[in-house]
>>> print(open('my_file_19.txt').read())   # compact mmCIF, C-alpha atoms
# COMPACT_ATOMS: atom_id res chain seq x y z
CA MET A 46 19.42 -5.10 -32.24
CA PRO A 47 17.03 -7.73 -30.88
CA LEU A 48 14.33 -6.55 -28.50
CA LEU A 49 15.70 -8.54 -25.56
CA LYS A 50 19.12 -6.92 -25.96
CA LEU A 51 17.47 -3.51 -26.17
CA ILE A 52 15.60 -4.16 -22.91
CA TRP A 53 18.87 -5.33 -21.38
CA TYR A 54 20.63 -2.08 -22.23
CA TYR A 55 17.66 -0.01 -21.11
CA LEU A 56 17.58 -1.77 -17.71
CA TRP A 57 21.33 -1.33 -17.39
CA ILE A 58 21.59 2.32 -18.41
CA ALA A 59 18.29 3.97 -17.32
CA PRO A 60 18.51 3.43 -13.53
CA HIS A 61 22.00 4.91 -13.44
CA LEU A 62 20.92 7.96 -15.39
CA LEU A 63 18.08 8.35 -12.87
CA GLN A 64 20.62 8.04 -10.07
CA ILE A 65 22.46 11.05 -11.43
CA GLY A 66 19.11 12.83 -11.03
CA ILE A 67 18.79 11.52 -7.45
CA ALA A 68 22.25 12.87 -6.63
CA GLY A 69 21.17 16.22 -8.12
CA ILE A 70 17.95 16.28 -6.05
CA MET A 71 19.93 15.46 -2.89
CA PHE A 72 22.38 18.25 -3.65
CA ARG A 73 19.63 20.82 -4.35
CA ARG A 74 17.59 19.86 -1.30
CA LYS A 75 20.65 19.75 0.96
CA LEU A 76 20.01 16.12 1.86
CA ILE A 77 23.62 14.99 1.54
CA GLY A 78 24.42 15.79 5.18
CA LEU A 79 21.31 13.92 6.28
CA PHE A 80 21.97 10.79 4.22
CA PRO A 81 25.73 10.66 3.52
CA TRP A 82 25.81 6.87 3.03
CA PHE A 83 22.92 6.90 0.62
CA PHE A 84 24.53 9.74 -1.34
CA ALA A 85 27.84 7.87 -1.46
CA TYR A 86 26.02 4.74 -2.62
CA THR A 87 24.17 6.64 -5.35
CA CYS A 88 27.38 8.21 -6.66
CA PHE A 89 29.26 4.92 -6.45
CA GLU A 90 26.55 3.07 -8.39
CA VAL A 91 26.93 5.59 -11.22
CA LEU A 92 30.73 5.22 -11.16
CA GLU A 93 30.41 1.43 -11.06
CA PHE A 94 28.12 1.54 -14.09
CA VAL A 95 30.58 3.67 -16.08
CA LEU A 96 33.50 1.36 -15.26
CA LEU A 97 31.57 -1.83 -16.04
CA PHE A 98 30.07 -0.38 -19.20
CA ILE A 99 33.52 0.60 -20.49
CA ALA A 100 34.94 -2.81 -19.56
CA ASP A 101 32.04 -4.54 -21.30
CA ARG A 102 32.03 -2.48 -24.49
CA PHE A 103 35.74 -1.83 -25.06
CA HIS A 104 37.39 -4.91 -23.51
CA THR A 105 40.27 -2.91 -22.02
CA GLY A 106 42.06 -6.07 -20.97
CA ALA A 107 43.87 -4.52 -17.99
CA ILE A 108 41.40 -6.13 -15.62
CA SER A 109 38.74 -8.72 -16.36
CA TYR A 110 35.08 -7.75 -16.35
CA PHE A 111 34.37 -10.32 -13.64
CA GLY A 112 37.21 -9.04 -11.45
CA LEU A 113 35.96 -5.48 -11.76
CA TYR A 114 32.39 -6.61 -11.08
CA ALA A 115 33.48 -8.48 -7.94
CA VAL A 116 35.41 -5.52 -6.52
CA THR A 117 32.60 -3.03 -7.18
CA ALA A 118 29.97 -5.46 -5.81
CA VAL A 119 31.89 -5.68 -2.52
CA ILE A 120 32.01 -1.88 -2.22
CA SER A 121 28.28 -1.63 -3.10
CA THR A 122 27.45 -4.18 -0.40
CA ILE A 123 29.44 -2.27 2.23
CA LEU A 124 27.68 0.96 1.24
CA ARG A 125 24.26 -0.74 1.49
CA PHE A 126 25.06 -1.81 5.06
CA GLY A 127 26.00 1.81 5.71
CA ILE A 128 22.56 2.89 4.43
CA ILE A 129 20.85 0.46 6.82
CA LEU A 130 22.84 1.94 9.72
CA GLU A 131 21.87 5.38 8.51
CA ILE A 132 18.17 4.41 8.51
CA LEU A 133 18.53 3.02 12.04
CA ARG A 134 20.23 6.17 13.24
CA GLN A 135 17.58 8.39 11.67
CA LEU A 136 14.79 6.38 13.29
CA ALA A 137 16.48 6.40 16.71
CA SER A 138 17.12 10.14 16.55
CA ASN A 139 13.35 10.76 16.49
CA TYR A 140 12.77 8.81 19.70
CA ALA A 141 15.13 9.31 22.65
CA VAL A 142 13.83 6.21 24.45
CA LEU A 143 14.72 3.96 21.51
CA ALA A 144 18.39 4.86 21.40
CA ARG A 145 19.28 2.30 24.11
CA VAL A 146 16.88 -0.37 22.80
CA LEU A 147 17.65 -0.29 19.08
CA LYS A 148 21.38 -0.98 19.32
CA PRO A 149 21.26 -4.24 21.33
CA PHE A 150 18.15 -5.42 19.47
CA PHE A 151 19.74 -5.10 16.05
CA ARG A 152 23.10 -6.39 17.27
CA TRP A 153 21.40 -9.66 18.24
CA VAL A 154 19.32 -9.73 15.07
CA ALA A 155 22.51 -9.29 13.02
CA ILE A 156 24.32 -12.05 14.93
CA GLY A 157 21.37 -14.43 14.46
CA LEU A 158 21.13 -13.65 10.76
CA LEU A 159 24.88 -14.06 10.27
CA ILE A 160 24.81 -17.50 11.88
CA ALA A 161 21.81 -18.52 9.75
CA ALA A 162 23.35 -17.14 6.55
CA LEU A 163 26.71 -18.84 7.18
CA GLY A 164 24.91 -22.09 7.98
CA LEU A 165 23.01 -21.89 4.72
CA ALA A 166 26.23 -21.07 2.85
CA ILE A 167 28.04 -24.08 4.33
CA TYR A 168 25.24 -26.52 3.52
CA ALA A 169 24.44 -24.98 0.16
CA GLY A 170 24.25 -27.25 -2.82
CA GLY A 171 23.86 -26.11 -6.40
CA GLU A 172 25.72 -25.74 -9.63
CA ARG A 173 29.49 -25.35 -9.12
CA SER A 174 30.84 -25.60 -12.67
CA ASN A 175 32.08 -22.00 -12.52
CA HIS A 176 33.83 -21.89 -9.14
CA SER A 177 34.57 -18.17 -8.87
CA TRP A 178 31.00 -17.32 -9.90
CA PHE A 179 29.69 -19.79 -7.30
CA VAL A 180 31.78 -18.21 -4.50
CA MET A 181 30.69 -14.73 -5.56
CA ASN A 182 27.04 -15.81 -5.60
CA MET A 183 27.37 -17.38 -2.16
CA LEU A 184 28.94 -14.24 -0.65
CA ASP A 185 26.31 -12.08 -2.31
CA ARG A 186 23.56 -14.32 -0.95
CA THR A 187 24.98 -14.18 2.57
CA ALA A 188 25.14 -10.38 2.50
CA LEU A 189 21.62 -10.18 1.07
CA ILE A 190 20.21 -12.44 3.82
CA LEU A 191 21.72 -10.06 6.38
CA GLN A 192 20.42 -6.96 4.62
CA THR A 193 16.93 -8.36 4.02
CA GLY A 194 16.70 -9.62 7.60
CA LEU A 195 17.86 -6.33 9.09
CA LEU A 196 15.42 -4.34 6.97
CA ALA A 197 12.53 -6.72 7.70
CA GLY A 198 13.44 -6.54 11.42
CA LEU A 199 13.45 -2.77 11.21
CA PHE A 200 10.03 -2.71 9.55
CA LEU A 201 8.63 -5.19 12.11
CA PHE A 202 10.10 -3.27 15.03
CA SER A 203 8.70 0.03 13.84
CA ARG A 204 5.32 -1.56 13.09
CA TYR A 205 5.10 -3.04 16.58
CA LEU A 206 5.94 0.30 18.16
CA THR A 207 3.80 2.19 15.58
CA LEU A 208 6.71 4.52 14.87
CA SER A 209 6.29 7.17 12.24
CA TRP A 210 9.04 7.39 9.65
CA ARG A 211 10.31 10.47 7.96
CA HIS A 212 9.05 10.46 4.39
CA GLN A 213 12.54 10.22 2.83
CA VAL A 214 13.87 7.65 5.29
CA PHE A 215 10.86 5.45 4.57
CA GLY A 216 11.44 5.79 0.82
CA ILE A 217 15.11 4.84 1.10
CA ALA A 218 14.27 1.83 3.29
CA LEU A 219 11.41 0.75 1.01
CA GLY A 220 13.53 0.92 -2.15
CA LEU A 221 16.44 -0.89 -0.53
CA GLY A 222 14.12 -3.49 1.02
CA VAL A 223 12.39 -4.29 -2.29
CA TYR A 224 15.72 -4.56 -4.12
CA ALA A 225 17.41 -6.69 -1.44
CA THR A 226 14.53 -9.17 -1.14
CA VAL A 227 14.03 -9.70 -4.88
CA ASP A 228 17.79 -9.88 -5.42
CA LEU A 229 17.99 -12.50 -2.68
CA ILE A 230 15.36 -14.61 -4.44
CA THR A 231 17.18 -14.38 -7.79
CA ALA A 232 20.54 -15.12 -6.13
CA ALA A 233 19.06 -18.21 -4.44
CA ILE A 234 17.54 -19.47 -7.69
CA SER A 235 20.68 -18.77 -9.73
CA SER A 236 22.82 -20.66 -7.20
CA GLN A 237 20.79 -23.75 -8.13
CA ALA A 238 20.37 -23.03 -11.83
CA GLY A 239 24.02 -22.15 -12.35
CA PHE A 240 25.99 -19.54 -14.28
CA SER A 241 24.45 -20.41 -17.66
CA HIS A 242 20.97 -19.40 -16.50
CA ALA A 243 22.09 -16.36 -14.51
CA GLU A 244 21.55 -13.97 -17.42
CA LEU A 245 17.80 -14.58 -17.48
CA LEU A 246 17.52 -13.90 -13.76
CA ASP A 247 19.56 -10.73 -14.25
CA TYR A 248 16.58 -9.22 -16.09
CA ILE A 249 14.44 -9.60 -12.95
CA SER A 250 17.20 -8.23 -10.75
CA MET A 251 17.82 -5.27 -13.05
CA ALA A 252 14.09 -4.49 -13.39
CA THR A 253 13.76 -4.53 -9.59
CA TYR A 254 16.73 -2.21 -9.24
CA HIS A 255 15.07 0.13 -11.74
CA SER A 256 11.88 0.10 -9.61
CA SER A 257 13.89 0.80 -6.45
CA VAL A 258 15.60 3.76 -8.10
CA LEU A 259 12.17 5.12 -9.07
CA ILE A 260 10.97 4.66 -5.46
CA TRP A 261 14.03 6.55 -4.17
CA MET A 262 13.52 9.30 -6.72
CA PHE A 263 9.83 9.66 -5.85
CA TYR A 264 10.38 9.85 -2.10
CA LEU A 265 13.33 12.23 -2.33
CA TRP A 266 11.54 14.45 -4.84
CA ALA A 267 8.05 14.54 -3.27
CA PRO A 268 7.58 16.92 -0.33
CA GLU A 269 6.92 15.59 3.17
CA ARG A 270 3.22 14.71 3.65
CA LYS A 271 1.31 17.09 5.85
CA PRO A 272 -1.26 15.81 8.38
CA GLN A 273 -4.58 15.28 6.62
CA HIS A 274 -6.72 16.89 9.27
CA ASP A 275 -7.33 20.38 10.53
CA LEU A 276 -4.82 21.50 13.14
CA GLN A 277 -7.68 22.50 15.40
CA GLU A 278 -8.55 18.82 15.70
CA LEU A 279 -5.22 18.04 17.34
CA PRO A 280 -5.29 17.18 21.02
CA THR A 281 -5.19 20.30 23.18
CA HIS A 282 -2.13 21.16 25.20
CA HIS A 283 -4.00 20.49 28.43
CA GLU A 284 -5.12 17.07 27.18
CA VAL A 285 -1.64 15.96 26.09
CA GLU A 286 -0.01 17.37 29.19
CA ALA A 287 -2.46 15.58 31.49
CA TRP A 288 -1.94 12.21 29.76
CA ASN A 289 1.76 12.76 29.84
CA GLN A 290 1.96 13.60 33.52
CA GLU A 291 -0.07 10.54 34.43
CA LEU A 292 2.03 8.27 32.22
CA GLU A 293 5.25 9.65 33.66
CA ARG A 294 3.95 9.14 37.19
CA LEU A 295 2.98 5.57 36.39
CA LEU A 296 6.22 4.69 34.64
CA HIS A 297 8.24 5.87 37.61
CA GLN A 298 6.22 3.86 40.10
CA ARG A 299 8.03 0.61 40.93
CA MET B 217 16.35 -27.18 0.75
CA SER B 218 18.39 -24.09 1.67
CA THR B 219 17.21 -22.37 -1.52
CA ILE B 220 13.55 -22.96 -0.63
CA LEU B 221 14.17 -21.61 2.87
CA ILE B 222 15.83 -18.49 1.50
CA ILE B 223 13.04 -17.89 -1.03
CA LEU B 224 10.38 -18.30 1.68
CA PHE B 225 12.27 -15.91 3.94
CA ALA B 226 12.60 -13.33 1.16
CA LEU B 227 8.93 -13.66 0.18
CA LEU B 228 7.88 -13.10 3.80
CA ALA B 229 10.13 -10.05 3.98
CA VAL B 230 8.77 -8.56 0.76
CA LEU B 231 5.16 -9.12 1.92
CA LEU B 232 5.95 -7.44 5.22
CA ILE B 233 7.50 -4.45 3.48
CA ILE B 234 4.52 -4.09 1.10
CA ARG B 235 2.08 -4.38 4.02
CA LEU B 236 3.89 -1.69 5.93
CA ALA B 237 3.96 0.57 2.89
CA LYS B 238 0.18 0.10 2.47
CA GLY B 239 -0.51 0.59 6.19
CA ARG B 240 1.44 3.81 6.12
CA ALA B 241 -0.88 5.26 3.48
CA SER B 242 -3.98 4.94 5.67
CA GLY B 243 -3.56 8.06 7.79
CA ILE B 244 -5.40 8.95 10.96
CA LYS B 245 -8.10 11.48 10.30
CA SER B 246 -8.54 12.88 13.79
CA PRO B 247 -7.78 12.21 17.46
CA GLU B 248 -11.37 10.96 17.73
CA ASP B 249 -10.40 8.09 15.40
CA LEU B 250 -7.63 7.21 17.82
CA ARG B 251 -9.78 7.46 20.92
CA SER B 252 -12.29 5.07 19.39
CA GLN B 253 -9.47 2.51 19.16
CA LEU B 254 -8.77 2.54 22.91
CA CYS B 255 -10.02 -0.56 24.67
CA THR B 256 -11.31 -0.67 28.22
CA VAL B 257 -9.47 -2.75 30.79
CA ASP B 258 -11.55 -4.38 33.52
CA ILE B 259 -9.17 -3.59 36.33
CA ASP B 260 -10.79 -5.69 39.03
CA ALA B 261 -10.61 -8.76 36.83
CA PHE B 262 -7.06 -7.93 35.78
CA ARG B 263 -5.98 -7.47 39.40
CA ASN B 264 -7.63 -10.72 40.37
CA LEU B 265 -5.79 -12.57 37.61
CA THR B 266 -2.42 -11.22 38.69
CA ASP B 267 -2.95 -11.62 42.41
CA SER B 268 -0.26 -13.99 43.74
CA SER B 269 -2.33 -14.95 46.81
CA GLU B 270 -5.14 -16.02 44.47
CA GLU B 271 -2.59 -18.16 42.65
CA GLU B 272 -1.36 -19.72 45.90
CA PHE B 273 -4.94 -20.42 46.97
CA LEU B 274 -5.67 -22.23 43.71
CA GLN B 275 -2.46 -24.20 43.95
CA SER B 276 -3.20 -25.41 47.49
CA HIS B 277 -6.83 -26.34 46.79
CA LEU B 278 -6.56 -27.96 43.38
CA SER B 279 -4.82 -31.06 42.14
CA PRO B 280 -1.65 -30.30 40.11
CA SER B 281 -3.30 -31.14 36.79
CA SER B 282 -6.43 -29.07 37.57
CA TYR B 283 -4.24 -26.21 38.76
CA ARG B 284 -2.25 -26.23 35.53
CA LYS B 285 -5.48 -26.21 33.52
CA VAL B 286 -7.00 -23.34 35.49
CA GLN B 287 -3.73 -21.41 35.56
CA ARG B 288 -3.39 -21.68 31.78
CA ARG B 289 -6.88 -20.20 31.39
CA ARG B 290 -6.03 -17.41 33.79
CA LEU B 291 -2.78 -16.68 31.93
CA ARG B 292 -4.63 -16.54 28.60
CA ALA B 293 -7.06 -14.04 30.09
CA THR B 294 -4.11 -12.07 31.46
CA LEU B 295 -2.59 -12.06 28.01
CA ALA B 296 -5.78 -10.53 26.61
CA TYR B 297 -5.59 -7.74 29.18
CA VAL B 298 -1.91 -7.11 28.56
CA SER B 299 -2.65 -6.97 24.82
CA CYS B 300 -5.32 -4.40 25.56
CA VAL B 301 -2.84 -2.26 27.49
CA ALA B 302 -0.33 -2.67 24.63
CA ASN B 303 -2.99 -1.55 22.16
CA ASN B 304 -3.77 1.49 24.28
CA ALA B 305 -0.08 2.34 24.47
CA ALA B 306 0.10 2.17 20.65
CA VAL B 307 -2.87 4.54 20.45
CA LEU B 308 -1.10 6.93 22.79
CA ILE B 309 2.04 6.80 20.65
CA ARG B 310 -0.01 7.86 17.65
CA MET B 311 -1.79 10.54 19.65
CA GLY B 312 1.59 11.85 20.78
CA GLU B 313 2.79 11.82 17.17
CA GLU B 314 -0.19 13.97 16.19
CA ALA B 315 0.57 16.37 19.02
CA ARG B 316 4.24 16.47 18.03
CA ARG B 317 3.28 17.99 14.69
CA SER B 318 1.46 20.87 16.32
CA SER B 319 2.64 24.38 15.54
CA ASP B 320 2.11 25.19 19.23
CA ALA B 321 5.53 24.55 20.78
CA SER B 322 4.14 23.53 24.17
CA VAL B 323 1.78 20.95 22.62
CA ALA B 324 4.61 19.62 20.45
CA GLU B 325 6.89 19.29 23.47
CA ALA B 326 4.23 17.52 25.49
CA GLY B 327 3.65 15.25 22.48
CA ILE B 328 7.33 14.25 22.43
CA LYS B 329 7.14 13.31 26.12
CA LEU B 330 3.92 11.41 25.59
CA VAL B 331 5.44 9.41 22.72
CA ASP B 332 8.49 8.59 24.85
CA ASN B 333 6.45 7.35 27.80
CA ALA B 334 3.98 5.43 25.67
CA LEU B 335 6.89 3.76 23.85
CA ARG B 336 8.35 2.63 27.16
CA LEU B 337 4.99 1.21 28.15
CA ARG B 338 4.64 -0.59 24.81
CA LEU B 339 8.12 -2.11 25.24
CA GLN B 340 7.21 -3.23 28.76
CA THR B 341 4.06 -4.96 27.54
CA PHE B 342 6.21 -6.85 25.03
CA GLN B 343 8.42 -8.15 27.85
CA VAL B 344 5.44 -9.08 30.00
CA LYS B 345 3.75 -10.88 27.08
CA ALA B 346 6.88 -12.96 26.50
CA LYS B 347 6.92 -13.95 30.18
CA VAL B 348 3.21 -14.83 30.17
CA TYR B 349 3.74 -17.04 27.11
CA LEU B 350 6.56 -18.80 28.96
CA GLN B 351 4.29 -19.37 31.95
CA ILE B 352 1.53 -20.70 29.69
CA ILE B 353 3.99 -23.32 28.44
CA HIS B 354 5.01 -24.17 32.01
CA PRO B 355 2.32 -22.92 34.41
CA GLY B 356 3.89 -24.60 37.44
CA ALA B 357 7.08 -22.56 37.16
CA ARG B 358 7.19 -19.71 39.64
CA THR B 359 10.63 -18.36 38.87
CA LEU B 360 9.26 -15.32 37.08
CA SER B 361 6.33 -14.71 39.35
CA VAL B 362 7.69 -12.08 41.73
CA GLU B 363 8.98 -9.90 38.96
CA LEU B 364 5.91 -10.58 36.88
CA VAL B 365 3.51 -9.61 39.63
CA SER B 366 5.29 -6.29 40.20
CA GLN B 367 5.07 -5.61 36.48
CA TYR B 368 1.43 -6.65 36.49
CA GLU B 369 0.75 -4.27 39.36
CA GLN B 370 2.35 -1.45 37.48
CA MET B 371 0.48 -2.30 34.34
CA THR B 372 -2.80 -2.60 36.17
CA ARG B 373 -2.48 1.04 37.11
CA GLN B 374 -1.44 1.91 33.58
CA GLY B 375 -4.36 -0.04 32.19
CA LEU B 376 -6.69 1.81 34.54
CA LEU B 377 -5.47 5.13 33.28
CA LEU B 378 -5.47 4.18 29.62
CA GLY B 379 -8.90 2.59 29.82
CA ARG B 380 -10.27 5.83 31.21
CA LEU B 381 -8.61 7.91 28.50
CA GLN B 382 -11.58 7.21 26.30
CA TYR B 383 -13.30 9.91 28.29
CA PRO B 384 -10.68 12.64 28.68
CA ALA B 385 -13.38 15.25 29.22
CA ARG B 386 -14.16 13.66 32.59
CA GLY B 387 -10.58 14.19 33.66
CA ILE B 388 -8.12 11.64 34.90
CA SER B 389 -6.80 13.17 38.07
CA GLY B 390 -9.20 11.23 40.23
CA VAL B 391 -8.47 7.87 38.70
CA PHE B 392 -6.28 6.59 41.53
>>> encode(input="my_file_19.txt", output="structure tokens")
Amino acid sequence: MPLLKLIWYYLWIAPHLLQIGIAGIMFRRKLIGLFPWFFAYTCFEVLEFVLLFIADRFHTGAISYFGLYAVTAVISTILRFGIILEILRQLASNYAVLARVLKPFFRWVAIGLLIAALGLAIYAGGERSNHSWFVMNMLDRTALILQTGLLAGLFLFSRYLTLSWRHQVFGIALGLGVYATVDLITAAISSQAGFSHAELLDYISMATYHSSVLIWMFYLWAPERKPQHDLQELPTHHEVEAWNQELERLLHQR
Amino acid sequence: MSTILIILFALLAVLLIIRLAKGRASGIKSPEDLRSQLCTVDIDAFRNLTDSSEEEFLQSHLSPSSYRKVQRRRLRATLAYVSCVANNAAVLIRMGEEARRSSDASVAEAGIKLVDNALRLRLQTFQVKAKVYLQIIHPGARTLSVELVSQYEQMTRQGLLLGRLQYPARGISGVF
């Protein structure tokens, strides 16, 4: 078997084996209730791999590989949007004041991104020799623009407000963000290069997915970081209470 | 063209994500680190800049072009003060986060409240900054002024408090 083919199979099989491990970690650490969308996505990715692998190796004939790929890709995309919502919800649950700000902010971000993505899809050029592949690529690209934009918006928002993320939520967002952005770049390039060159770009996409799975595994496996300093160095109760009272007084003055 | 735009957008997003991941690794060693990041707000100057009567005086005594020039300078200075208040609010958020992790339930509870209030202040400074930028573009426009001045007034007091927080040992009850 040539080396390139070997790498191909490694990049196809290894991340999904690792995802079985991720599902196991989530089950053992009772994280399923906390991240139901991410768990569903992890399990579905494994199932998708099994179905596509069987279709690729044994040519069952009942349904075409491309048809199966398209259906599973749609489900994967929906689940990824679910994960983004899950991240948003987790972040908002830590800060009561953000609950009423986050929703409208991300609703408008999503609307803006959707308009931009649809505009880019309408005016898109590129290689159209394989029509169904072109349509699939365009839909994938539109969804990826939305996902990348929402995740980037989330990172920007939390950076501006200096929010602290839960270790695992950050890991999930980081892995998804890296995968979505690199996948968006490869989807954009392949829409120009066409179907015949898509296989080469798949290596980049698959390698990135492998990295994202490792990121998820690391953050779900590693324990939450403890503060690096001595607890005695924390602000005293009196200090915090005094600041708080003054802030509350000021914020209610109008 | 659309492909280049998408690639640029994705590259920006990936850089942002990496930057955030790196920034997250540099933890805060102690509350002293945070206090050293607080910046002092010169309240008299800030109040002067946001005083509507001062603005009216300038408008009546200067030619329109000179007024616009002076007003733009004043707005830029205001922006610097608002940014200072925003920075102090961010410091308070992080202080509150530290307190939230305390094993002492009362400190943790006070930390939650502090984070909430500081977040609201940080969001307010964002709104005010946007309005100041709009006024810099069109300094003659006075449509936002009334609302802006009331927000300025509120923030002046907040800035006063936060500026003094560098010296918590001296107490803050006598600030106002």
>>> closest_residue(input="my_file_19.txt", among="A:Gly222, A:Gly216, A:Pro81, A:Gly157", to="A:Leu189", atoms="all atoms listed in the file")
A:Gly222
>>> interface_residues(input="my_file_19.txt", of="chain B", to="chain A", cutoff="6 Å", atoms="all atoms listed in the file", output="PyMOL selection string")
chain B and resi 218-219+223+226+229+245+323+326+330+332
>>> axis_aligned_box(input="my_file_19.txt", around="stretch 47-54 of chain A", padding_each_side="4 Å", output="JSON")
{"center_x": 17.5, "center_y": -5.3, "center_z": -26.1, "size_x": 14.3, "size_y": 14.5, "size_z": 17.5}
>>> atom_distance(input="my_file_19.txt", atom1="atom CA of A:Met262", atom2="atom CA of A:Ile70")
8.3 Å
>>> atom_distance(input="my_file_19.txt", atom1="atom CA of A:Val116", atom2="atom CA of A:Glu93")
9.7 Å
>>> residues_near_point(input="my_file_19.txt", point="(29.3, -0.4, 5.6)", cutoff="12 Å", atoms="all atoms listed in the file", output="MDAnalysis selection string")
chainID A and resid 81:83 85:86 119:131 188 192
